[in-house]
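Visitor: Below: one structure in structure tokens.
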Amino acid sequence: MIGFVVPVKPKNISKDWAYDNLLLERTAKSICAQTDQRFKLMIVYNDFPEINFSHPNILFIHFPFPSVAFDEIEDLDYVLKYYSKEYAEKMMDKGKKIHYGCKMGIEAGCQYLMGIDSDDLISNKLAAFVNDNCGKNGAGWRIKKGFIYKEDSKILIKKYDIQNINGGTHIIRKDLITIPDFTANIFWNYNLFEAHGYTYSRIKDFHQEILSDYPFFGIIYIIHKNNYSNILQLTNARPFKNFIKKIIKGKFLSGEIRKEFNLYKLTTA
């Protein structure tokens, strides 16, 4: 059985809590629309999510540890090579919640775990593929093929190395996920799922096992006003280049794709 882990950002750092909850609700619906219902969804939070959706496979899990300030991170020399102070704090929070969700997922009987951002969408065929093939692949899978979608657009951008820009692209066997001491603040212990393209090499280098490539388009990376990264600003700053990219790599947002990924227009008050 596969377990999906969705970390929820704290309310006090949210730019728009109501909008973040709309995104989370859509993500939860996307995950729970699996054609194979043999899965668990762990939603890990500080502040209880305000969503109008329930499903028997969802486990709402309160994260029982305090937030970690930048200067409390124990391996700062490593962190400073890749992150700003503010971004490191956010990734630390996300990584700790994903690993805590993995712990709870393993206890619930999950053999494979996948961390998913609280705004992204996955194919409704993913659980069936993993559950049908778990005996044929030891380590797990990485999703290389995905879509980038800017909210309210009619076009998707096909991305054939989406694992390099999105952390929610790896499905990992439970024993390859080290459950750390959550009272320790070592960044390295929590960034397995957030290492993007390096996750594949990390599994190979430290465990001598290979993640297979998921053969289909598996995820939609959503661009919106509340992304942790500045991808929306970058997109808006290069409109002509993005227009050309849409022509070359674009795919019309069909009803079939909407259904497979449960992509619908968000309705705000």
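Chain labels A, B, ... are given in the sequence in which chains occur in the structure tokens; within each chain residues are numbered consecutively from 1, and ligands are likewise numbered from 1 in the order shown.
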Within 9 Å of A:Pro215, counting only C-alpha atoms, which residues show up once you throw out same-chain ones fewer than 4 positions away? Write them as a PyMOL selection string, please.

Guide: chain A and resi 143-145

Visitor: Mind writing the picked residues with C-alpha atoms as a PDB file, in the first residue's frame?

Guide:
ATOM      1  CA  ILE A 143       8.325  10.873 -11.497  1.00  0.00           C
ATOM      2  CA  LYS A 144      10.206  12.623 -14.290  1.00  0.00           C
ATOM      3  CA  LYS A 145       7.253  13.463 -16.537  1.00  0.00           C
TER       4      LYS A 145
END

Visitor: Might you pull out every residue within 9 Å of stretch 208-213 of chain A, with only C-alpha atoms counted and same-chain residues fewer than 3 positions away left off, and present them as a ChimeraX atom specification?

Guide: /A:137-145,170-172,200-201,203-205,216

Visitor: Write out, as a PDB file, in the first residue's frame, the residues just selected, with C-alpha atoms.

Guide:
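Just written: part05.pdb:
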ATOM      1  CA  ASN A 137      10.614  -2.897  -7.843  1.00  0.00           C
ATOM      2  CA  GLY A 138      12.657  -2.723  -4.663  1.00  0.00           C
ATOM      3  CA  ALA A 139      13.439   0.920  -4.037  1.00  0.00           C
ATOM      4  CA  GLY A 140      10.522   2.811  -5.571  1.00  0.00           C
ATOM      5  CA  TRP A 141      10.020   5.302  -8.377  1.00  0.00           C
ATOM      6  CA  ARG A 142      10.765   8.851  -9.426  1.00  0.00           C
ATOM      7  CA  ILE A 143       8.325  10.873 -11.497  1.00  0.00           C
ATOM      8  CA  LYS A 144      10.206  12.623 -14.290  1.00  0.00           C
ATOM      9  CA  LYS A 145       7.253  13.463 -16.537  1.00  0.00           C
ATOM     10  CA  HIS A 170       9.590  10.403  -5.450  1.00  0.00           C
ATOM     11  CA  ILE A 171       7.932   7.235  -4.166  1.00  0.00           C
ATOM     12  CA  ILE A 172      10.271   5.499  -1.725  1.00  0.00           C
ATOM     13  CA  TYR A 200      17.562   9.744  -6.857  1.00  0.00           C
ATOM     14  CA  SER A 201      21.351   9.971  -6.345  1.00  0.00           C
ATOM     15  CA  ILE A 203      19.124   6.655  -2.628  1.00  0.00           C
ATOM     16  CA  LYS A 204      21.715   5.241  -5.014  1.00  0.00           C
ATOM     17  CA  ASP A 205      24.772   6.512  -3.143  1.00  0.00           C
ATOM     18  CA  PHE A 216       3.538   8.215 -17.287  1.00  0.00           C
TER      19      PHE A 216
END

Visitor: Just want the 12 Å neighbourhood of A:Asn52, counted on only C-alpha atoms, with same-chain residues fewer than 4 positions away dropped. Output as a list of chain:residue names.

Guide: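 Final neighbour list, sorted by chain and number: A:Ala18, A:Asn21, A:Leu22, A:Leu23, A:Leu24, A:Glu25, A:Arg26, A:Ala28, A:Lys29.
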
Visitor: Would you write out those residues with N, CA and C atoms, as a tab-separated table (two decimals), in the first residue's frame?

Guide:
chain	number	residue	atom	x	y	z
A	18	ALA	N	-6.97	31.30	3.76
A	18	ALA	CA	-8.17	30.80	3.09
A	18	ALA	C	-7.83	30.22	1.72
A	21	ASN	N	-6.01	26.91	1.98
A	21	ASN	CA	-6.93	25.82	2.28
A	21	ASN	C	-7.69	25.36	1.05
A	22	LEU	N	-8.00	26.28	0.14
A	22	LEU	CA	-8.64	25.88	-1.11
A	22	LEU	C	-7.69	25.01	-1.93
A	23	LEU	N	-6.42	25.39	-1.97
A	23	LEU	CA	-5.42	24.59	-2.67
A	23	LEU	C	-5.27	23.22	-2.04
A	24	LEU	N	-5.20	23.18	-0.71
A	24	LEU	CA	-5.06	21.91	0.00
A	24	LEU	C	-6.26	21.01	-0.24
A	25	GLU	N	-7.45	21.57	-0.23
A	25	GLU	CA	-8.65	20.76	-0.47
A	25	GLU	C	-8.62	20.13	-1.85
A	26	ARG	N	-8.18	20.91	-2.85
A	26	ARG	CA	-8.09	20.36	-4.21
A	26	ARG	C	-7.04	19.26	-4.27
A	28	ALA	N	-6.08	17.29	-1.78
A	28	ALA	CA	-6.63	16.13	-1.08
A	28	ALA	C	-7.63	15.38	-1.96
A	29	LYS	N	-8.47	16.12	-2.67
A	29	LYS	CA	-9.44	15.50	-3.58
A	29	LYS	C	-8.73	14.78	-4.72

Visitor: Can you list, as number ranges by chain, every protein, DNA or RNA residue that comes within 12 Å of A:Lys11 when you count only C-alpha atoms, leaving out same-chain residues fewer than 2 positions away?

Guide: A: 8-9, 13-21, 45-50, 67

Visitor: Any chance you could list, as a PyMOL selection string, the residues in stretch 39-242 of chain A that come up strand (DSSP E) when DSSP is run on the backbone?

Guide: chain A and resi 39-45+58-62+112-115+121-122+140-142+146-150+155-159+170-173+212-213+219-223

Visitor: Near stretch 69-85 of chain A, within 6 Å and counting only C-alpha atoms, which residues show up once chain neighbours fewer than 2 positions away are dropped, as a list of chain:residue names?

Guide: A:Tyr87, A:Ala88, A:Glu89, A:Asn185, A:Ile186

Visitor: Pull N, CA and C atoms from the residues just selected and write them as a short mmCIF file (atom, residue, chain, number, x, y, z; two decimals), in the first residue's frame.

Guide:
data_model
loop_
_atom_site.label_atom_id
_atom_site.label_comp_id
_atom_site.auth_asym_id
_atom_site.auth_seq_id
_atom_site.Cartn_x
_atom_site.Cartn_y
_atom_site.Cartn_z
N TYR A 87 14.00 30.71 3.49
CA TYR A 87 13.62 29.51 2.75
C TYR A 87 14.03 28.25 3.51
N ALA A 88 15.18 28.29 4.18
CA ALA A 88 15.64 27.13 4.96
C ALA A 88 14.67 26.81 6.07
N GLU A 89 14.15 27.83 6.75
CA GLU A 89 13.17 27.60 7.82
C GLU A 89 11.92 26.93 7.26
N ASN A 185 17.62 19.03 15.24
CA ASN A 185 17.35 19.97 14.15
C ASN A 185 18.44 19.92 13.08
N ILE A 186 18.71 18.71 12.62
CA ILE A 186 19.69 18.50 11.55
C ILE A 186 18.96 18.50 10.22
#

Visitor: Each residue of stretch 142-246 of chain A with at least one atom at most 6 Å from stretch 118-134 of chain A should appear once, together with its nearest atom pair and the corresponding distance in Å (one decimal); atoms considered: only C-alpha atoms; ordering: chain, then increasing residue number; output as a tab-separated table.

Guide:
residue	atom	partner	partner_atom	distance
A:Gly218	CA	A:Ser123	CA	5.2
A:Ile219	CA	A:Ile122	CA	4.4
A:Ile220	CA	A:Leu121	CA	5.1
A:Tyr221	CA	A:Asp120	CA	5.2
A:Ile222	CA	A:Asp120	CA	5.6

Visitor: Restricting it to N, CA and C atoms, dump the selection as an mmCIF file, in the first residue's frame.

Guide:
data_model
loop_
_atom_site.group_PDB
_atom_site.id
_atom_site.type_symbol
_atom_site.label_atom_id
_atom_site.label_comp_id
_atom_site.auth_asym_id
_atom_site.auth_seq_id
_atom_site.Cartn_x
_atom_site.Cartn_y
_atom_site.Cartn_z
ATOM 1 N N GLY A 218 2.802 12.096 -14.153
ATOM 2 C CA GLY A 218 2.289 11.746 -12.833
ATOM 3 C C GLY A 218 1.868 12.892 -11.944
ATOM 4 N N ILE A 219 2.297 14.121 -12.265
ATOM 5 C CA ILE A 219 2.060 15.221 -11.326
ATOM 6 C C ILE A 219 1.850 16.535 -12.070
ATOM 7 N N ILE A 220 1.063 17.413 -11.486
ATOM 8 C CA ILE A 220 0.919 18.779 -11.975
ATOM 9 C C ILE A 220 1.454 19.715 -10.905
ATOM 10 N N TYR A 221 2.465 20.473 -11.286
ATOM 11 C CA TYR A 221 3.058 21.487 -10.411
ATOM 12 C C TYR A 221 2.295 22.788 -10.647
ATOM 13 N N ILE A 222 1.617 23.259 -9.614
ATOM 14 C CA ILE A 222 0.752 24.416 -9.747
ATOM 15 C C ILE A 222 1.510 25.709 -9.446
#
